[in-house]
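Asks: Can you keep this structure in mind? I'll have questions shortly.
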Amino acid sequence: MCRTGYVPFFGDWRSALLSDVRGFVLEVGAGSGPNLDHYPADVSLVATEFNEESIAQAKPKTSACIRLASADIEHLAFPDNTFDVAVATLVFCSVEQPVDGLREVQRVLKPGGKFYLIEHVRSHHTWLARLQDKLNSRWYRWAEGCNLNRDTEANVRAAGFEITYLSIRYFGLIKTMVACKLQ
Ligand SMILES: C[S@@+](CC[C@H](N)C(=O)[O-])C[C@H]1O[C@@H](n2cnc3c(N)ncnc32)[C@H](O)[C@@H]1O
C-alpha cells in the first residue's frame with residue numbers, strides 16, 4: 001500500500017471525512033496528495049510527508065491555501081498547540097513508532113483540536129486478525145514498511161486522544177475516526 005505514497009481509493013470517504021474540516025490544518029503522511037482536493041476551499045493547510053519525492057508529485061487543483069512540506073511525523077518541527085485540526089489517512093500502518101507519532105500530532109494540536117483519520121487496521125474478527133498476523137511479515141516487505149495488523153484505534157487512545165466518532169467497515173479492516181485532544 002505504501003509503495004507509491006498514493007492510495008487511489010476511498011475518494012468518497014476522503015470527501016466525507018474532510019468536508020467538516022476548518023481552520024489551520026496539518027496533514028501528516030500526505031503522500032502525493034490524494035486528499036488535497038477534498039478539503040473545503042477556506043482551510044489553511046500544511047500538508048507534510050516523509051518522502052520528498054511523493055510530496056513533490058502533489059498537484060492540488062483546489063483554491064484552498066496549501067503549503068507542502070517534508071516532515072517526519074515522529075519529529076514535527078512545529079510549536080506546541082499550533083493547529084486546529086490534524087488529518088492522517090492510511091498512514092499509521094507504516095509509522096515505525098505509531099504511538100510516538102500520534103503523541104507528536106497531539107503536541108502540535110491546540111487543546112480541543114480534532115484529529116481525523118482513515119486507517120486500515122487489525123480486524124476484531126479473530127479468524128481475520130490471525131490471517132493478518134500470519135501475512136504481515138511478507139506484506140511488510142512487499143509494501144515497504146506497511147503493517148496489516150496495527151491496532152490504530154488503541155494506539156490513538158494510548159496517545160491520549162479521546163475518540164469522538166468511529167466508523168468500522170469491511171469486517172473491521174477499515175476504521176474512520178475523529179479524535180479530540182483533551183482540553
Ligand atoms: C499508504 S501511504 C498513504 C498516503 C496518503 N495519505 C493516502 O491517503 O493515500 C502512507 C504514507 O505515510 C508516509 N509515512 C510513513 N511514515 C511516516 C513518517 N514517520 N512521517 C511522515 N510520513 C510517513 C509514507 O511516506 C506514505 O506516503
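Chain labels follow the order of the C-alpha cells: the first chain is A, the next B, and so on; residue numbering restarts at 1 in every chain, and ligands are counted from 1 in their shown order.
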Give me the residues near Thr82 of chain A as a PyMOL selection string, where near means some atom within 8 Å (using only C-alpha atoms) and where sequence neighbours in that chain fewer than 2 positions away do not count.

Replies: chain A and resi 78-80+84+108-110

Asks: Neighbouring residues of ligand 1 are defined here as those with any atom at most 7 Å from a ligand atom, counting only C-alpha atoms and all ligand atoms; list them as JSON, numbers by chain.

Replies: {"A": [1, 2, 5, 6, 7, 8, 28, 29, 30, 31, 32, 33, 34, 35, 48, 49, 50, 51, 54, 71, 72, 73, 74, 88, 89, 90, 91, 94, 95, 96, 101]}
